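One structure is given here, and the rest of the page talks about it.
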Amino acid sequence: MDTKKYIFLGNKLPNLKESILEEKEFLFKRLYEQCSLYKKINLTEEHPKGSSTFMSMGALNLSLAFMLTKQNHYLEDAKKWIFTGVNYSHWGHAHLVDVDLSASWLLFGYALCYDWLKDDLNDNEKKQLKNKLILQGTRMYDFALKTVGEGWSTNYWQNHNWINFTGLAAAGYALKDEYPLANEWIEYSKNNFSKVFSYMPEDGSDYEGVVYWRYGVIWLYIYAHLLKERENIDFFEKSDFLKNTFFYRLYQSTPNLEEIINFGDCHDRRSGHSPAIYFKIASEYNNGYAQNLGKLVVDKFLFREQYESGIKPGILPEAWLELLWFNPKIATSNFNDLPLVKYWKDLGLVVIKNNWKEDGISFSFKCGAPGGKKQWNKSWELDKALGWKTRGLSHQHPDNNSFIIHGHGSFLAVDDGYNRDVKACEHNTILVDNSGYISENQNNIWKETEFNDVGEMKTFINENNFTYAVGESAKSYDKLLQLKEFKRHILNTGERYFYIIDELDSNIPHTYSWLLHSDVKGEFNNNKIEILNGPGSMDIYTFTPTENSKLFYDTYVKAVMTTQEPDKFRETNMKTIKLSNVAPEKSITFINLLDIKNALKDSSLKIAHSHTQNLDTVVIENEDYNEYFYFNRNTNIDIENISTDAKILVLKKTKENLTLLASECTYLEYKNNTLYKGEKTTFTRKVITNEY
């Protein structure tokens with residue numbers, strides 16, 4: 001029996017060999033089928049004119065297959081994939097050659113292969129591979145030291161930091177007994193990750209977006225696994241980010257769980273899954289939801305994601321990790337047991353779902369500091385104290401107070417996704433004189449942003465099928481606009497529709513433009529705007545008191561996805577709806593109701609609107625209930641039987657009771673009875689039963 005303790009595998013190889021005969025047989029099948037694909041790939045004698053990350057994963061899959069079977073053809077193929085890369089004089093192409101992603105992926109993969117296959121390589125092969133690891137590790141380490149404070153080595157919140165230092169650490173462990181300086185790589189990487197894990201947000205949110213979560217966060221798990229196996233230091237136990245980040249990923253799925261909600265830089269809508277991460281989370285935290293999603297992806301989503309994904313090397317080459325990290329003892333949990341509403345305070349992200357069915361509705365709303373509150377605060381602290389530049393926010397978009405909607409199998413309100421020249425106008429937000437944030441139309445617009453000039457989620461309440469969130473982002477906008485307030489209220493009463501109320505105020509008159517982007521063109525019909533996209537549809541009822549214009553046009557975005565492949569780009573053509581006030585004004589209120597329904601089954605809402613003396617009233621009649629929405633920006637609502645100084649008041653009448661919801665009020669009276677009196681409360685909910 002092989003009792004050797006291998007890097008990353010520990011002493012579990014015998015158990016792994018047994019498991020592939022039964023409970024892990026389906027994942028062993030994944031592994032050997034993946035290895036068979038490599039026989040069809042012709043490796044080039046020169047470094048590819050693009051990423052070489054796929055070569056690392058190829059070598060690892062083939063090496064593990066050999067370790068499990070001792071079949072020589074796997075060893076010969078593994079050596080081909082290893083020594084082709086070893087013979088490249090440099091690792092990487094076009095940008096940061098030898099000192100960034102391609103180099104670190106290869107460094108990690110080849111380091112593990114060196115340890116795993118050492119007894120099966122001849123002396124010349126061992127020497128050649130060892131010397132290449134020393135050379136590339138030295139290049140990576142020297143660059144990290146040289147660029148402290150101004151590069152990936154101190155961009156603690158960015159995927160480049162995590163991947164590059166994981167590669168360096170793996171090489172260090174593989175060489176530590178043969179090359180003394182490798183111990184410096186280990187300790188330097190360990191020091192880096194002690195900061196990374198302490199600086200990451202406890203709620204598990206990731207500002208880079210789902211695609212980079214899938215591409216980058218896996219390396220936090222890989223490093224944590226590596227460190228635990230090598231030194232018994234357990235960041236799985238210490239890091240709340242690692243514990244909680246699965247739920248960020250889950251809730252940023254569309255209701256069918258196959259596509260993604262694409263805030264941040266997302267190359268496409270299908271590059272979001274990693275069963276390997278899900279299985280690791282399930283195993284470390286007994287998380288049955290992660291186990292459920294991991295199995296679902298392997299069973300149903302795997303191949304479509306691989307072939308529609310714009311991310312290399314993709315989901316299929318993670319077969320070796322899936323096999324290692326899957327724990328058959330973890331029982332799956334049903335997603336229906338999870339809440340329908342979730343809030344990530346650090347990122348300022350709210351997700352509202354109506355159920356966990358494939359044809360359900362998902363509404364995501366975002367407003368917060370660039371990179372998240374913890375990164376923003378800590379990076380400013382570090383930069384001020386050390387004179388560094390730790391914020392690598394090139395994947396952060398100007399998307400405060402924006403939203404994305406998916407319903408009944410279709411995207412209905414979309415985001416630009418991956419973009420290298422980000423602008424507010426490519427998000428579902430509001431422009432002021434067709435302008436957005438300061439320093440727009442470049443890769444990282446946050447370099448010139450002052451500490452306090454950020455968005456903030458001011459309010460979040462979720463109680464008894466009622467969700468209310470308020471984002472404020474006026475400070476994010478160009479100072480020349482003199483914008484004093486941009487407050488967006490999101491209100492959902494447990495039904496299929498969402499109220500969006502926008503308050504804007506400036507010292508000078510402006511044309512304010514309310515934007516919504518979709519995959520299909522909207523049409524104005526019967527006093528509403530309709531978006532029809534297959535089975536999904538959305539009716540937009542706009543109740544803005546001010547006279548406004550409606551404009552429909554295309555918004556085209558083209559972006560090069562990697563500097564290694566400048567000829568490879570992503571294109572998207574969004575269909576834009578733009579509502580603007582006709583005459584410039586200092587202050588304006590937009591009131592819109594978005595009704596999400598099945599285009600083939602559901603009828604439109606029975607809805608009425610009126611505006612009198614600063615009071616807007618929306619009435620929705622339904623067989624089971626009537627709902628009355630009132631808004632007065634001057635915070636004074638007096639209607640029959642009800643008096644309050646709330647800005648927003650909602651009444652929901654059913655046969656059983658009357659529910660009253662009032663925002664920011666100091667009093668609420670009903671039929672001369674005081675329901676609330678006291679300090680201004682964010683939101684008050686009162687239920688009156690029997691005779692109301």
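By convention in this document, the chains of the structure tokens carry letters A, B, ... by their order, each chain's residues are numbered from 1, and ligands are numbered from 1 in the order they are shown.
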Sorted by chain and rising residue number, list the residues of stretch 224-301 of chain A at most 9 Å from stretch 360-373 of chain A (counting only C-alpha atoms), each with its closest atom pair and distance in Å to one decimal, as a Markdown table.
| residue | atom | partner | partner_atom | distance |
| --- | --- | --- | --- | --- |
| A:Tyr251 | CA | A:Ser362 | CA | 8.6 |
| A:Gln252 | CA | A:Ser364 | CA | 7.9 |
| A:Ser253 | CA | A:Ser362 | CA | 8.6 |
| A:Thr254 | CA | A:Ser362 | CA | 6.6 |
| A:Pro255 | CA | A:Gly360 | CA | 5.5 |
| A:Asn256 | CA | A:Gly360 | CA | 7.9 |
| A:Ile261 | CA | A:Ser364 | CA | 7.7 |
| A:Phe263 | CA | A:Lys366 | CA | 8.6 |
Could you write out that same residue set with N, CA and C atoms as an mmCIF file, in the first residue's frame?
data_model
loop_
_atom_site.group_PDB
_atom_site.id
_atom_site.type_symbol
_atom_site.label_atom_id
_atom_site.label_comp_id
_atom_site.auth_asym_id
_atom_site.auth_seq_id
_atom_site.Cartn_x
_atom_site.Cartn_y
_atom_site.Cartn_z
ATOM 1 N N TYR A 251 -27.294 32.705 -4.780
ATOM 2 C CA TYR A 251 -28.326 33.711 -4.995
ATOM 3 C C TYR A 251 -28.050 34.588 -6.212
ATOM 4 N N GLN A 252 -26.818 34.556 -6.714
ATOM 5 C CA GLN A 252 -26.530 35.253 -7.961
ATOM 6 C C GLN A 252 -26.669 34.324 -9.167
ATOM 7 N N SER A 253 -27.427 33.250 -8.970
ATOM 8 C CA SER A 253 -27.856 32.407 -10.081
ATOM 9 C C SER A 253 -29.225 32.870 -10.549
ATOM 10 N N THR A 254 -29.525 32.631 -11.811
ATOM 11 C CA THR A 254 -30.884 32.815 -12.284
ATOM 12 C C THR A 254 -31.756 31.711 -11.672
ATOM 13 N N PRO A 255 -33.075 31.848 -11.705
ATOM 14 C CA PRO A 255 -33.922 30.834 -11.082
ATOM 15 C C PRO A 255 -33.697 29.419 -11.602
ATOM 16 N N ASN A 256 -33.294 29.270 -12.863
ATOM 17 C CA ASN A 256 -33.020 27.922 -13.371
ATOM 18 C C ASN A 256 -31.682 27.376 -12.882
ATOM 19 N N ILE A 261 -26.498 35.991 -12.627
ATOM 20 C CA ILE A 261 -26.784 37.421 -12.547
ATOM 21 C C ILE A 261 -25.442 38.121 -12.684
ATOM 22 N N PHE A 263 -23.662 41.049 -12.452
ATOM 23 C CA PHE A 263 -23.000 42.242 -11.938
ATOM 24 C C PHE A 263 -21.484 42.052 -12.013
#
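Residues in contact with A:Tyr248 at 8 Å, where only C-alpha atoms are counted and same-chain residues fewer than 2 positions away are skipped, are listed as Gly204, Ser205, Asp206, Asn244, Thr245, Phe246, Leu250, Tyr251, Gln252 and Trp344 of chain A.
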Using only N, CA and C atoms, please write the residues we just selected to a file, as a compact mmCIF listing (two decimals), in the first residue's frame.
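The file below, selection_9.txt, is the result:
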# COMPACT_ATOMS: atom_id res chain seq x y z
N GLY A 204 -19.22 36.95 2.52
CA GLY A 204 -18.94 36.10 1.37
C GLY A 204 -19.18 36.73 0.02
N SER A 205 -19.50 38.01 -0.02
CA SER A 205 -19.76 38.67 -1.31
C SER A 205 -18.45 38.94 -2.04
N ASP A 206 -18.55 39.06 -3.37
CA ASP A 206 -17.37 39.26 -4.20
C ASP A 206 -17.67 40.30 -5.27
N ASN A 244 -19.17 31.45 4.03
CA ASN A 244 -20.42 32.07 3.59
C ASN A 244 -20.53 32.36 2.10
N THR A 245 -19.43 32.29 1.37
CA THR A 245 -19.45 32.77 -0.01
C THR A 245 -20.29 31.91 -0.94
N PHE A 246 -20.55 30.65 -0.58
CA PHE A 246 -21.41 29.83 -1.43
C PHE A 246 -22.78 30.47 -1.63
N LEU A 250 -24.87 31.22 -4.96
CA LEU A 250 -26.18 30.60 -5.21
C LEU A 250 -27.23 31.63 -5.55
N TYR A 251 -27.29 32.70 -4.78
CA TYR A 251 -28.33 33.71 -4.99
C TYR A 251 -28.05 34.59 -6.21
N GLN A 252 -26.82 34.56 -6.71
CA GLN A 252 -26.53 35.25 -7.96
C GLN A 252 -26.67 34.32 -9.17
N TRP A 344 -26.48 41.17 1.33
CA TRP A 344 -25.04 41.20 1.61
C TRP A 344 -24.66 42.64 1.93
Selected residue of minimal separation from A:Asn573 among A:Asn122, A:Ser518, A:Asn292, A:Asn15, counting only C-alpha atoms: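 Of A:Asn122, A:Ser518, A:Asn292, A:Asn15, the one nearest A:Asn573 is A:Ser518, counting only C-alpha atoms.
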Shell of 8 Å around stretch 610-623 of chain A, only C-alpha atoms, local chain residues under 6 positions omitted, as a VMD selection string: chain A and resid 545 629 to 634 637
Option closest in space to A:Lys118, from A:Trp185, A:Trp81, A:Tyr6, A:Phe26 [counting only C-alpha atoms]: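 Residue with the minimum atom-to-atom distance to A:Lys118: A:Tyr6.
Using only C-alpha atoms, the smallest distance between any of A:Phe683, A:Thr332, A:Leu483, A:Asp177 and A:Thr467 comes from A:Phe683.
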DSSP-assigned helix (DSSP H, G or I) members of stretch 61-272 of chain A, reported as a VMD selection string: chain A and resid 61 to 69 72 to 86 101 to 120 123 to 146 152 to 154 159 to 175 182 to 199 210 to 231 235 to 238 240 to 251
Contacts of A:Thr666 at 9 Å (only C-alpha atoms; same-chain gap of 4+ positions) as an mmCIF file with N, CA and C atoms, in the first residue's frame:
data_model
loop_
_atom_site.group_PDB
_atom_site.id
_atom_site.type_symbol
_atom_site.label_atom_id
_atom_site.label_comp_id
_atom_site.auth_asym_id
_atom_site.auth_seq_id
_atom_site.Cartn_x
_atom_site.Cartn_y
_atom_site.Cartn_z
ATOM 1 N N THR A 644 -50.467 60.093 8.402
ATOM 2 C CA THR A 644 -49.082 59.765 8.742
ATOM 3 C C THR A 644 -48.152 60.782 8.110
ATOM 4 N N ASP A 645 -46.970 60.923 8.686
ATOM 5 C CA ASP A 645 -45.952 61.773 8.066
ATOM 6 C C ASP A 645 -44.949 60.928 7.279
ATOM 7 N N ALA A 646 -45.357 59.717 6.908
ATOM 8 C CA ALA A 646 -44.504 58.837 6.106
ATOM 9 C C ALA A 646 -44.378 59.358 4.682
ATOM 10 N N TYR A 676 -48.716 54.004 15.703
ATOM 11 C CA TYR A 676 -47.309 54.231 16.023
ATOM 12 C C TYR A 676 -47.101 55.703 16.308
ATOM 13 N N LYS A 677 -46.283 55.976 17.336
ATOM 14 C CA LYS A 677 -45.855 57.342 17.636
ATOM 15 C C LYS A 677 -44.518 57.258 18.347
ATOM 16 N N GLY A 678 -43.527 57.979 17.833
ATOM 17 C CA GLY A 678 -42.210 57.927 18.446
ATOM 18 C C GLY A 678 -41.153 58.469 17.519
ATOM 19 N N GLU A 679 -39.916 58.043 17.720
ATOM 20 C CA GLU A 679 -38.825 58.488 16.860
ATOM 21 C C GLU A 679 -39.030 57.974 15.441
ATOM 22 N N LYS A 680 -38.451 58.709 14.480
ATOM 23 C CA LYS A 680 -38.619 58.312 13.080
ATOM 24 C C LYS A 680 -38.082 56.905 12.870
ATOM 25 N N THR A 681 -38.944 56.020 12.393
ATOM 26 C CA THR A 681 -38.585 54.634 12.176
ATOM 27 C C THR A 681 -38.395 54.388 10.682
#
Contact residues around stretch 217-224 of chain A with only C-alpha atoms at 10 Å, ignoring same-chain residues under 2 positions, as a PyMOL selection string: chain A and resi 8+158-167+169-170+189-190+193+196-197+206+210-215+226-230+232-237+239+241-242+245+274+276-278+280-281+321
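In this structure, atom CA of A:Pro275 sits 29.6 Å away from atom CA of A:Arg391.
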Spatial neighbours of A:Leu62, 8 Å, only C-alpha atoms, chain gap at least 5 places, as a list in words: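 Non-adjacent residues within range: Cys35, Tyr74, Leu75, Asp77 and Ala78 of chain A.
Taking only C-alpha atoms into account, A:Gln375 lies nearest to A:Pro201 out of the set A:Tyr512, A:Pro201, A:Asn401, A:Phe543.
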